[in-house]
file start.cif (mmCIF, C-alpha atoms)
data_target
#
loop_
_atom_site.group_PDB
_atom_site.id
_atom_site.type_symbol
_atom_site.label_atom_id
_atom_site.label_comp_id
_atom_site.auth_asym_id
_atom_site.auth_seq_id
_atom_site.Cartn_x
_atom_site.Cartn_y
_atom_site.Cartn_z
ATOM 1 C CA MET A 18 59.826 68.844 98.579
ATOM 2 C CA PRO A 19 63.384 69.443 97.253
ATOM 3 C CA ASP A 20 64.323 68.289 93.764
ATOM 4 C CA VAL A 21 66.121 64.950 93.566
ATOM 5 C CA PRO A 22 68.968 64.936 91.026
ATOM 6 C CA HIS A 23 69.214 62.516 88.120
ATOM 7 C CA ILE A 24 65.711 61.081 88.339
ATOM 8 C CA GLY A 25 63.513 63.520 86.427
ATOM 9 C CA LEU A 26 60.894 62.320 84.017
ATOM 10 C CA GLY A 27 62.473 64.090 81.055
ATOM 11 C CA HIS A 28 60.160 64.989 78.178
ATOM 12 C CA PRO A 29 57.573 62.290 77.448
ATOM 13 C CA ARG A 30 56.578 62.029 73.821
ATOM 14 C CA GLY A 31 53.870 60.380 71.784
ATOM 15 C CA PRO A 32 50.197 60.927 71.004
ATOM 16 C CA ALA A 33 48.044 61.566 74.046
ATOM 17 C CA PHE A 34 45.152 59.384 75.102
ATOM 18 C CA VAL A 35 42.365 61.627 76.360
ATOM 19 C CA PRO A 36 39.414 60.072 78.229
ATOM 20 C CA GLY A 37 36.074 60.898 76.642
ATOM 21 C CA ARG A 38 37.155 60.762 73.009
ATOM 22 C CA PRO A 39 38.640 58.090 70.737
ATOM 23 C CA PRO A 40 42.436 57.911 70.430
ATOM 24 C CA ALA A 41 44.074 59.380 67.357
ATOM 25 C CA PRO A 42 45.268 56.793 64.819
ATOM 26 C CA LEU A 43 49.024 56.318 64.622
ATOM 27 C CA ASP A 44 51.047 55.929 61.440
ATOM 28 C CA PRO A 45 53.515 53.163 62.377
ATOM 29 C CA TYR A 46 55.974 54.438 59.748
ATOM 30 C CA ALA A 47 55.955 58.061 60.864
ATOM 31 C CA HIS A 48 58.511 59.366 63.355
ATOM 32 C CA THR A 49 56.847 60.326 66.623
ATOM 33 C CA SER A 50 57.321 63.983 67.489
ATOM 34 C CA PRO A 51 56.308 66.178 70.425
ATOM 35 C CA VAL A 52 52.635 67.030 70.475
ATOM 36 C CA THR A 53 50.739 70.030 71.719
ATOM 37 C CA PRO A 54 49.832 69.568 75.408
ATOM 38 C CA THR A 55 46.252 68.476 75.935
ATOM 39 C CA PRO A 56 43.925 70.268 78.362
ATOM 40 C CA HIS A 57 44.124 69.244 82.003
ATOM 41 C CA ILE A 58 41.746 66.408 82.763
ATOM 42 C CA THR A 59 39.523 67.312 85.675
ATOM 43 C CA PRO A 60 38.049 64.733 88.057
ATOM 44 C CA GLN A 61 34.721 65.322 86.372
ATOM 45 C CA SER A 62 35.992 64.075 83.040
ATOM 46 C CA PRO A 63 34.234 60.843 82.047
ATOM 47 C CA PRO A 64 36.372 57.695 81.995
ATOM 48 C CA PRO A 65 37.249 56.153 78.621
ATOM 49 C CA SER A 66 34.566 53.877 77.237
ATOM 50 C CA PRO A 67 35.562 50.201 77.276
ATOM 51 C CA PRO A 68 36.207 48.743 73.804
ATOM 52 C CA ARG A 69 33.544 46.523 72.292
ATOM 53 C CA THR A 70 34.431 42.874 71.998
ATOM 54 C CA THR A 71 33.390 40.691 69.090
ATOM 55 C CA SER A 72 33.902 37.085 68.190
ATOM 56 C CA THR A 73 36.132 38.088 65.254
ATOM 57 C CA ARG A 74 39.737 39.060 65.914
ATOM 58 C CA ARG A 75 40.623 42.417 64.416
ATOM 59 C CA PRO A 76 43.429 44.892 65.084
ATOM 60 C CA LEU A 77 42.767 47.448 67.771
ATOM 61 C CA THR A 78 44.549 50.730 67.136
ATOM 62 C CA ALA A 79 45.366 52.815 70.188
ATOM 63 C CA ALA A 80 47.622 55.737 70.878
ATOM 64 C CA ILE A 81 49.556 55.992 74.115
ATOM 65 C CA LEU A 82 51.816 58.464 75.806
ATOM 66 C CA ALA A 83 54.982 56.975 77.222
ATOM 67 C CA ALA A 84 56.755 58.272 80.301
ATOM 68 C CA VAL A 85 60.530 58.292 80.207
ATOM 69 C CA LEU A 86 61.860 55.512 82.393
ATOM 70 C CA ALA A 87 65.371 56.878 82.786
ATOM 71 C CA GLY A 88 65.444 60.345 84.309
ATOM 72 C CA GLY A 89 66.566 63.072 81.950
ATOM 73 C CA CYS A 90 66.882 60.654 79.012
ATOM 74 C CA ALA A 91 64.738 60.375 75.918
ATOM 75 C CA GLY A 92 63.103 56.969 76.089
ATOM 76 C CA TYR A 93 59.515 56.682 74.943
ATOM 77 C CA VAL A 94 57.086 54.379 73.217
ATOM 78 C CA ALA A 95 54.054 54.712 70.982
ATOM 79 C CA GLY A 96 52.415 52.063 68.860
ATOM 80 C CA ALA A 97 49.451 50.350 67.320
ATOM 81 C CA PHE A 98 48.185 47.599 69.581
ATOM 82 C CA GLY A 99 46.776 44.289 68.407
ATOM 83 C CA ASP A 100 44.521 41.963 70.372
ATOM 84 C CA SER A 101 46.404 40.302 73.198
ATOM 85 C CA ASP A 102 47.257 36.639 73.045
ATOM 86 C CA PRO A 103 44.861 34.337 74.874
ATOM 87 C CA ALA A 104 45.896 33.773 78.455
ATOM 88 C CA ALA A 105 47.468 30.447 79.235
ATOM 89 C CA PRO A 106 46.891 28.715 82.558
ATOM 90 C CA THR A 107 49.788 29.211 84.948
ATOM 91 C CA ALA A 108 50.671 27.790 88.332
ATOM 92 C CA THR A 109 50.422 30.027 91.364
ATOM 93 C CA VAL A 110 53.816 31.168 92.622
ATOM 94 C CA ALA A 111 54.161 31.498 96.390
ATOM 95 C CA SER A 112 55.500 34.741 97.844
ATOM 96 C CA GLY A 113 58.388 32.841 99.425
ATOM 97 C CA ASP A 114 59.408 31.623 95.966
ATOM 98 C CA LEU A 115 59.403 35.189 94.663
ATOM 99 C CA GLU A 116 61.574 36.225 97.591
ATOM 100 C CA ALA A 117 64.108 33.583 96.582
ATOM 101 C CA VAL A 118 63.970 34.716 92.951
ATOM 102 C CA ALA A 119 64.581 38.343 93.921
ATOM 103 C CA ALA A 120 67.505 37.367 96.166
ATOM 104 C CA ARG A 121 69.061 35.414 93.302
ATOM 105 C CA VAL A 122 68.716 38.151 90.658
ATOM 106 C CA LEU A 123 69.426 41.324 92.676
ATOM 107 C CA PRO A 124 73.249 40.862 92.780
ATOM 108 C CA SER A 125 73.257 41.035 88.965
ATOM 109 C CA VAL A 126 71.316 44.322 88.786
ATOM 110 C CA VAL A 127 73.026 47.729 88.784
ATOM 111 C CA SER A 128 72.094 51.398 88.780
ATOM 112 C CA VAL A 129 73.457 53.352 85.812
ATOM 113 C CA VAL A 130 74.250 57.035 86.355
ATOM 114 C CA THR A 131 75.173 59.477 83.577
ATOM 115 C CA ALA A 132 75.733 63.220 83.481
ATOM 116 C CA SER A 133 72.120 63.748 82.430
ATOM 117 C CA GLY A 134 70.124 61.003 84.103
ATOM 118 C CA GLN A 135 69.829 57.668 85.819
ATOM 119 C CA GLY A 136 68.576 54.216 84.883
ATOM 120 C CA SER A 137 69.182 50.536 85.492
ATOM 121 C CA GLY A 138 71.068 47.642 83.939
ATOM 122 C CA PHE A 139 72.162 44.079 84.603
ATOM 123 C CA VAL A 140 75.230 41.894 84.124
ATOM 124 C CA PHE A 141 74.614 39.503 81.251
ATOM 125 C CA ASP A 142 77.859 37.638 80.558
ATOM 126 C CA GLU A 143 80.824 36.127 82.382
ATOM 127 C CA ARG A 144 83.058 39.073 81.455
ATOM 128 C CA GLY A 145 80.875 41.329 83.578
ATOM 129 C CA ARG A 146 79.441 43.291 80.671
ATOM 130 C CA ILE A 147 76.170 45.073 81.339
ATOM 131 C CA LEU A 148 73.016 45.456 79.276
ATOM 132 C CA THR A 149 70.943 48.625 79.555
ATOM 133 C CA ASN A 150 68.816 50.864 77.326
ATOM 134 C CA ALA A 151 70.385 53.022 74.631
ATOM 135 C CA HIS A 152 68.328 55.989 75.830
ATOM 136 C CA VAL A 153 69.785 55.639 79.342
ATOM 137 C CA VAL A 154 73.359 56.244 78.131
ATOM 138 C CA SER A 155 72.583 58.421 75.110
ATOM 139 C CA GLY A 156 75.490 60.791 74.393
ATOM 140 C CA SER A 157 77.790 59.188 76.999
ATOM 141 C CA SER A 158 81.073 57.379 76.388
ATOM 142 C CA ARG A 159 81.585 56.496 80.061
ATOM 143 C CA VAL A 160 79.063 56.107 82.881
ATOM 144 C CA SER A 161 79.031 55.154 86.543
ATOM 145 C CA VAL A 162 77.436 51.902 87.694
ATOM 146 C CA GLU A 163 76.474 51.198 91.290
ATOM 147 C CA LEU A 164 76.294 47.590 92.468
ATOM 148 C CA GLN A 165 73.922 46.172 95.057
ATOM 149 C CA ASP A 166 76.745 46.055 97.617
ATOM 150 C CA GLY A 167 77.259 49.810 97.243
ATOM 151 C CA ARG A 168 80.404 49.698 95.120
ATOM 152 C CA ARG A 169 80.668 52.202 92.279
ATOM 153 C CA LEU A 170 82.508 51.355 89.078
ATOM 154 C CA SER A 171 83.330 53.337 85.983
ATOM 155 C CA ALA A 172 82.104 51.672 82.793
ATOM 156 C CA GLN A 173 82.785 52.266 79.122
ATOM 157 C CA VAL A 174 79.861 52.413 76.699
ATOM 158 C CA ILE A 175 80.979 49.839 74.117
ATOM 159 C CA GLY A 176 78.160 50.781 71.783
ATOM 160 C CA ASP A 177 74.425 51.085 71.396
ATOM 161 C CA ASP A 178 71.565 50.148 69.082
ATOM 162 C CA PRO A 179 68.934 52.918 69.214
ATOM 163 C CA ALA A 180 66.534 50.960 67.002
ATOM 164 C CA HIS A 181 66.262 48.231 69.650
ATOM 165 C CA ASP A 182 67.018 50.641 72.528
ATOM 166 C CA VAL A 183 69.913 48.470 73.710
ATOM 167 C CA ALA A 184 73.398 49.464 74.902
ATOM 168 C CA VAL A 185 76.354 47.443 76.226
ATOM 169 C CA LEU A 186 78.649 48.642 79.018
ATOM 170 C CA GLU A 187 82.038 47.242 80.059
ATOM 171 C CA PRO A 188 82.927 48.021 83.686
ATOM 172 C CA GLU A 189 86.502 48.665 84.795
ATOM 173 C CA THR A 190 86.576 45.271 86.541
ATOM 174 C CA ALA A 191 84.479 42.108 86.497
ATOM 175 C CA ARG A 192 85.459 41.233 90.060
ATOM 176 C CA GLY A 193 82.401 40.368 92.134
ATOM 177 C CA LEU A 194 80.008 40.685 89.199
ATOM 178 C CA ARG A 195 77.536 37.847 88.651
ATOM 179 C CA ALA A 196 75.783 37.329 85.324
ATOM 180 C CA ALA A 197 72.013 36.922 85.313
ATOM 181 C CA GLU A 198 70.559 33.929 83.494
ATOM 182 C CA LEU A 199 68.930 34.818 80.171
ATOM 183 C CA ALA A 200 65.797 33.008 78.975
ATOM 184 C CA THR A 201 66.814 33.168 75.308
ATOM 185 C CA ALA A 202 65.708 29.633 74.468
ATOM 186 C CA GLY A 203 62.078 29.897 75.585
ATOM 187 C CA ARG A 204 59.103 32.167 75.180
ATOM 188 C CA PRO A 205 56.990 33.549 78.032
ATOM 189 C CA ALA A 206 53.235 33.053 78.093
ATOM 190 C CA VAL A 207 50.483 35.510 78.887
ATOM 191 C CA GLY A 208 49.724 35.195 82.603
ATOM 192 C CA ASP A 209 53.250 34.155 83.615
ATOM 193 C CA THR A 210 54.450 35.679 86.886
ATOM 194 C CA VAL A 211 57.257 38.233 86.459
ATOM 195 C CA LEU A 212 59.402 40.535 88.586
ATOM 196 C CA ALA A 213 60.697 43.934 87.471
ATOM 197 C CA ILE A 214 63.962 44.909 89.169
ATOM 198 C CA GLY A 215 65.802 48.217 89.007
ATOM 199 C CA SER A 216 66.193 51.699 90.428
ATOM 200 C CA PRO A 217 62.919 53.592 89.940
ATOM 201 C CA LEU A 218 63.240 57.211 91.111
ATOM 202 C CA GLY A 219 66.781 56.397 92.234
ATOM 203 C CA LEU A 220 65.621 53.726 94.709
ATOM 204 C CA SER A 221 68.115 50.974 93.904
ATOM 205 C CA GLY A 222 67.234 47.347 94.476
ATOM 206 C CA THR A 223 63.491 47.879 94.018
ATOM 207 C CA VAL A 224 61.478 44.758 93.131
ATOM 208 C CA THR A 225 57.874 44.746 91.880
ATOM 209 C CA SER A 226 55.762 41.817 90.720
ATOM 210 C CA GLY A 227 53.074 41.248 88.122
ATOM 211 C CA ILE A 228 52.311 39.118 85.099
ATOM 212 C CA VAL A 229 52.985 39.084 81.385
ATOM 213 C CA SER A 230 49.947 40.942 80.047
ATOM 214 C CA ALA A 231 50.536 40.473 76.316
ATOM 215 C CA LEU A 232 53.148 39.337 73.821
ATOM 216 C CA ASP A 233 54.463 40.928 70.629
ATOM 217 C CA ARG A 234 53.015 44.385 71.187
ATOM 218 C CA PRO A 235 54.158 46.596 68.276
ATOM 219 C CA VAL A 236 55.735 49.716 69.804
ATOM 220 C CA THR A 237 58.059 52.411 68.529
ATOM 221 C CA LEU A 238 61.282 52.650 70.525
ATOM 222 C CA GLY A 239 64.047 55.238 70.405
ATOM 223 C CA GLU A 240 64.396 58.369 68.363
ATOM 224 C CA GLY A 241 66.791 60.072 65.999
ATOM 225 C CA THR A 242 69.231 58.234 63.746
ATOM 226 C CA GLY A 243 68.450 54.531 63.752
ATOM 227 C CA GLY A 244 65.564 55.007 66.175
ATOM 228 C CA GLY A 245 61.848 55.410 65.724
ATOM 229 C CA ARG A 246 61.393 51.924 64.305
ATOM 230 C CA GLN A 247 58.551 49.706 65.344
ATOM 231 C CA GLN A 248 59.579 46.721 67.459
ATOM 232 C CA ARG A 249 57.789 43.930 69.255
ATOM 233 C CA ALA A 250 57.657 44.166 73.035
ATOM 234 C CA LEU A 251 56.404 42.277 76.060
ATOM 235 C CA GLN A 252 53.620 44.001 77.972
ATOM 236 C CA THR A 253 53.471 43.684 81.755
ATOM 237 C CA ASP A 254 51.476 45.076 84.659
ATOM 238 C CA ALA A 255 54.477 44.873 87.021
ATOM 239 C CA SER A 256 54.953 48.399 88.349
ATOM 240 C CA ILE A 257 57.815 50.153 86.537
ATOM 241 C CA ASN A 258 58.598 53.854 86.824
ATOM 242 C CA PRO A 259 61.227 56.420 85.782
ATOM 243 C CA GLY A 260 64.636 54.916 86.575
ATOM 244 C CA ASN A 261 63.576 51.317 85.789
ATOM 245 C CA SER A 262 64.813 51.702 82.196
ATOM 246 C CA GLY A 263 67.390 49.063 81.343
ATOM 247 C CA GLY A 264 66.565 46.827 84.309
ATOM 248 C CA PRO A 265 65.549 43.186 83.881
ATOM 249 C CA LEU A 266 62.086 41.684 83.720
ATOM 250 C CA VAL A 267 62.513 38.146 85.069
ATOM 251 C CA ASP A 268 60.305 35.073 85.216
ATOM 252 C CA ALA A 269 59.445 32.935 88.242
ATOM 253 C CA ASP A 270 62.665 30.963 87.728
ATOM 254 C CA GLY A 271 64.799 34.110 87.918
ATOM 255 C CA ARG A 272 65.628 34.139 84.196
ATOM 256 C CA VAL A 273 65.653 37.454 82.330
ATOM 257 C CA ILE A 274 62.882 37.556 79.733
ATOM 258 C CA GLY A 275 63.085 41.243 78.834
ATOM 259 C CA ILE A 276 64.599 44.692 79.423
ATOM 260 C CA ASN A 277 62.172 47.225 80.903
ATOM 261 C CA THR A 278 62.102 50.227 78.616
ATOM 262 C CA ALA A 279 58.858 52.250 78.715
ATOM 263 C CA ILE A 280 55.465 52.754 80.291
ATOM 264 C CA ALA A 281 52.147 54.125 79.093
ATOM 265 C CA THR A 282 50.636 56.949 81.107
ATOM 266 C CA LEU A 283 47.544 59.131 80.992
ATOM 267 C CA ASP A 284 49.371 62.187 82.368
ATOM 268 C CA ARG A 285 52.390 63.413 80.413
ATOM 269 C CA GLN A 286 53.361 65.881 83.145
ATOM 270 C CA ARG A 287 53.384 63.444 86.069
ATOM 271 C CA GLY A 288 53.848 60.140 84.303
ATOM 272 C CA GLY A 289 53.990 57.037 86.457
ATOM 273 C CA SER A 290 52.978 53.409 86.353
ATOM 274 C CA ILE A 291 49.338 52.693 85.495
ATOM 275 C CA GLY A 292 49.944 48.980 85.015
ATOM 276 C CA ILE A 293 50.991 49.077 81.350
ATOM 277 C CA GLY A 294 54.716 48.645 80.851
ATOM 278 C CA PHE A 295 56.840 47.382 77.981
ATOM 279 C CA ALA A 296 60.032 45.339 77.844
ATOM 280 C CA ILE A 297 62.314 44.433 74.956
ATOM 281 C CA PRO A 298 62.307 40.617 74.580
ATOM 282 C CA VAL A 299 65.637 39.324 75.853
ATOM 283 C CA ALA A 300 66.346 37.328 72.679
ATOM 284 C CA ASP A 301 66.123 40.519 70.602
ATOM 285 C CA ALA A 302 68.272 42.394 73.123
ATOM 286 C CA ALA A 303 70.888 39.609 73.198
ATOM 287 C CA ASP A 304 71.133 39.605 69.394
ATOM 288 C CA ALA A 305 71.578 43.382 69.389
ATOM 289 C CA ALA A 306 74.212 43.133 72.144
ATOM 290 C CA GLU A 307 76.165 40.507 70.208
ATOM 291 C CA THR A 308 76.207 42.758 67.142
ATOM 292 C CA ILE A 309 77.414 45.689 69.269
ATOM 293 C CA ILE A 310 80.218 43.599 70.837
ATOM 294 C CA ASP A 311 81.284 42.301 67.410
ATOM 295 C CA GLY A 312 81.529 45.882 66.227
ATOM 296 C CA GLY A 313 78.632 45.647 63.795
#
call {"tool": "encode", "arguments": {"input": "start.cif", "output": "structure tokens"}}
result
Amino acid sequence: MPDVPHIGLGHPRGPAFVPGRPPAPLDPYAHTSPVTPTPHITPQSPPPSPPRTTSTRRPLTAAILAAVLAGGCAGYVAGAFGDSDPAAPTATVASGDLEAVAARVLPSVVSVVTASGQGSGFVFDERGRILTNAHVVSGSSRVSVELQDGRRLSAQVIGDDPAHDVAVLEPETARGLRAAELATAGRPAVGDTVLAIGSPLGLSGTVTSGIVSALDRPVTLGEGTGGGRQQRALQTDASINPGNSGGPLVDADGRVIGINTAIATLDRQRGGSIGIGFAIPVADAADAAETIIDGG
């Protein structure tokens, strides 16, 4: 099968989780660096033992390997996990409702193409400015954005915040751009229905569904100057893959609750969705974007 440009997995980083032995503890204050590749896991390898549950809440430390979500860029995550929040009852959302949500949000979502990779983004204000991940546009001053109607626009990278893995783009024109609604005033609950929208593997306009799996997961985002700091993230089982980086995670009302940024994977060579993805909470991303726009 021929290589597809701009959608490679890049170089995943982080401690590996190997079935059959306990994960290595992670120092949350240490910068994550490349690790020595682990032996290939054969089909005969035993599956990981399920964790014991007790009636007393206590931190659960786990190490994960994150696959890069934007091809050729250096996004990753590793962190110490705590117990997930108790699930809250949620109403069932009909598939027809999700179809309407997707139709409403898709016009606000764009593909972001750089000289070294590809990711996703979305329009977040009335001036047509676009939010994406810092690792998607790392090293770029201008990028190309492709809209859902097929138009391509040049966009300036106004600035980025590697610590929060957020970047702001200003396209050459705001004509025809529609801002997505941000859910900055509320807080999602575990079990809420969500949609992840973006361009995984270069397939623009892709929509996947799932739920919020956990809140406030401590993960380490970004690398280099200003990066490598531990941040809180939303965890979801909505399928996200390389190229989804920077795209929105939206609730059943079509409001953006997070920016998809990383996934955990058991295979650092062929990383893909295993149902554990992470998104930057939209309130944190919006604060970072405001600071970037103000020149801070």
call {"tool": "closest_residue", "arguments": {"input": "start.cif", "among": "A:Gly136, A:Pro124, A:Gly289, A:Gly275", "to": "A:Gly203", "atoms": "all atoms listed in the file"}}
result
A:Gly275
call {"tool": "resolve_selection", "arguments": {"input": "start.cif", "expression": "the PyMOL selection byres ((chain A and resi 165) around 12)", "output": "mmCIF file with C-alpha atoms, keeping the file's coordinate frame"}}
result
data_model
loop_
_atom_site.group_PDB
_atom_site.id
_atom_site.type_symbol
_atom_site.label_atom_id
_atom_site.label_comp_id
_atom_site.auth_asym_id
_atom_site.auth_seq_id
_atom_site.Cartn_x
_atom_site.Cartn_y
_atom_site.Cartn_z
ATOM 1 C CA ALA A 120 67.505 37.367 96.166
ATOM 2 C CA ARG A 121 69.061 35.414 93.302
ATOM 3 C CA VAL A 122 68.716 38.151 90.658
ATOM 4 C CA LEU A 123 69.426 41.324 92.676
ATOM 5 C CA PRO A 124 73.249 40.862 92.780
ATOM 6 C CA SER A 125 73.257 41.035 88.965
ATOM 7 C CA VAL A 126 71.316 44.322 88.786
ATOM 8 C CA VAL A 127 73.026 47.729 88.784
ATOM 9 C CA SER A 128 72.094 51.398 88.780
ATOM 10 C CA VAL A 129 73.457 53.352 85.812
ATOM 11 C CA SER A 137 69.182 50.536 85.492
ATOM 12 C CA GLY A 138 71.068 47.642 83.939
ATOM 13 C CA PHE A 139 72.162 44.079 84.603
ATOM 14 C CA VAL A 140 75.230 41.894 84.124
ATOM 15 C CA VAL A 162 77.436 51.902 87.694
ATOM 16 C CA GLU A 163 76.474 51.198 91.290
ATOM 17 C CA LEU A 164 76.294 47.590 92.468
ATOM 18 C CA ASP A 166 76.745 46.055 97.617
ATOM 19 C CA GLY A 167 77.259 49.810 97.243
ATOM 20 C CA ARG A 168 80.404 49.698 95.120
ATOM 21 C CA ARG A 169 80.668 52.202 92.279
ATOM 22 C CA LEU A 170 82.508 51.355 89.078
ATOM 23 C CA GLY A 193 82.401 40.368 92.134
ATOM 24 C CA LEU A 194 80.008 40.685 89.199
ATOM 25 C CA ARG A 195 77.536 37.847 88.651
ATOM 26 C CA ILE A 214 63.962 44.909 89.169
ATOM 27 C CA GLY A 215 65.802 48.217 89.007
ATOM 28 C CA SER A 216 66.193 51.699 90.428
ATOM 29 C CA LEU A 220 65.621 53.726 94.709
ATOM 30 C CA SER A 221 68.115 50.974 93.904
ATOM 31 C CA GLY A 222 67.234 47.347 94.476
ATOM 32 C CA THR A 223 63.491 47.879 94.018
#
call {"tool": "atom_distance", "arguments": {"input": "start.cif", "atom1": "atom CA of A:Gly271", "atom2": "atom CA of A:Gly176"}}
result
26.8 Å
call {"tool": "atom_distance", "arguments": {"input": "start.cif", "atom1": "atom CA of A:Thr278", "atom2": "atom CA of A:Thr237"}}
result
11.1 Å
call {"tool": "resolve_selection", "arguments": {"input": "start.cif", "expression": "the PyMOL selection byres ((chain A and resi 235) around 6)", "output": "PDB file with C-alpha atoms, in the coordinates of the input"}}
result
ATOM      1  CA  GLY A  96      52.415  52.063  68.860  1.00  0.00           C
ATOM      2  CA  ARG A 234      53.015  44.385  71.187  1.00  0.00           C
ATOM      3  CA  VAL A 236      55.735  49.716  69.804  1.00  0.00           C
ATOM      4  CA  GLN A 248      59.579  46.721  67.459  1.00  0.00           C
ATOM      5  CA  ARG A 249      57.789  43.930  69.255  1.00  0.00           C
TER       6      ARG A 249
END
call {"tool": "residues_around", "arguments": {"input": "start.cif", "residues": "A:Val299", "least_positions_apart": "3", "cutoff": "6 Å", "atoms": "only C-alpha atoms", "output": "MDAnalysis selection string"}}
result
chainID A and resid 274:275 302:303
call {"tool": "atom_distance", "arguments": {"input": "start.cif", "atom1": "atom CA of A:Asn150", "atom2": "atom CA of A:Val174"}}
result
11.2 Å
call {"tool": "residues_around", "arguments": {"input": "start.cif", "residues": "A:Arg144", "least_positions_apart": "4", "cutoff": "12 Å", "atoms": "only C-alpha atoms", "output": "ChimeraX atom specification"}}
result
/A:140,185-197,310
call {"tool": "closest_residue", "arguments": {"input": "start.cif", "among": "A:Pro298, A:Pro179, A:Gly227, A:Gly260", "to": "A:Arg246", "atoms": "only C-alpha atoms"}}
result
A:Pro179
call {"tool": "residues_near_point", "arguments": {"input": "start.cif", "point": "(62.0, 40.0, 85.4)", "cutoff": "6 Å", "atoms": "all atoms listed in the file", "output": "list in words"}}
result
Val211, Leu212, Ala213, Pro265, Leu266, Val267, Asp268 and Val273 of chain A
call {"tool": "closest_residue", "arguments": {"input": "start.cif", "among": "A:Ile147, A:Leu251, A:Val224, A:Ala200", "to": "A:Val183", "atoms": "all atoms listed in the file"}}
result
A:Ile147
call {"tool": "closest_residue", "arguments": {"input": "start.cif", "among": "A:Gly312, A:Gly134, A:Gly156, A:Gly145", "to": "A:Gly219", "atoms": "all atoms listed in the file"}}
result
A:Gly134
call {"tool": "resolve_selection", "arguments": {"input": "start.cif", "expression": "the PyMOL selection byres ((chain A and resi 293) around 7)", "output": "PyMOL selection string"}}
result
chain A and resi 252-254+280-281+290-292+294-295
call {"tool": "closest_residue", "arguments": {"input": "start.cif", "among": "A:Ile175, A:Asp142, A:Ser133, A:Arg272", "to": "A:Ser158", "atoms": "all atoms listed in the file"}}
result
A:Ile175
call {"tool": "residues_around", "arguments": {"input": "start.cif", "residues": "A:Ala206", "least_positions_apart": "2", "cutoff": "7 Å", "atoms": "all atoms listed in the file", "output": "list in words"}}
result
Ala105, Arg204, Gly208, Asp209 and Val229 of chain A
call {"tool": "write_last_selection", "arguments": {"input": "start.cif", "atoms": "C-alpha atoms", "output": "tab-separated table (two decimals), in the coordinates of the input"}}
result
chain	number	residue	atom	x	y	z
A	105	ALA	CA	47.47	30.45	79.24
A	204	ARG	CA	59.10	32.17	75.18
A	208	GLY	CA	49.72	35.20	82.60
A	209	ASP	CA	53.25	34.16	83.62
A	229	VAL	CA	52.98	39.08	81.39
call {"tool": "closest_residue", "arguments": {"input": "start.cif", "among": "A:Ala231, A:Thr131, A:Ala300, A:Ser226", "to": "A:Ser155", "atoms": "only C-alpha atoms"}}
result
A:Thr131
call {"tool": "residues_around", "arguments": {"input": "start.cif", "residues": "A:Ala305", "least_positions_apart": "3", "cutoff": "8 Å", "atoms": "only C-alpha atoms", "output": "list in words"}}
result
Asp178, His181, Val183, Asp301, Ala302, Thr308 and Ile309 of chain A
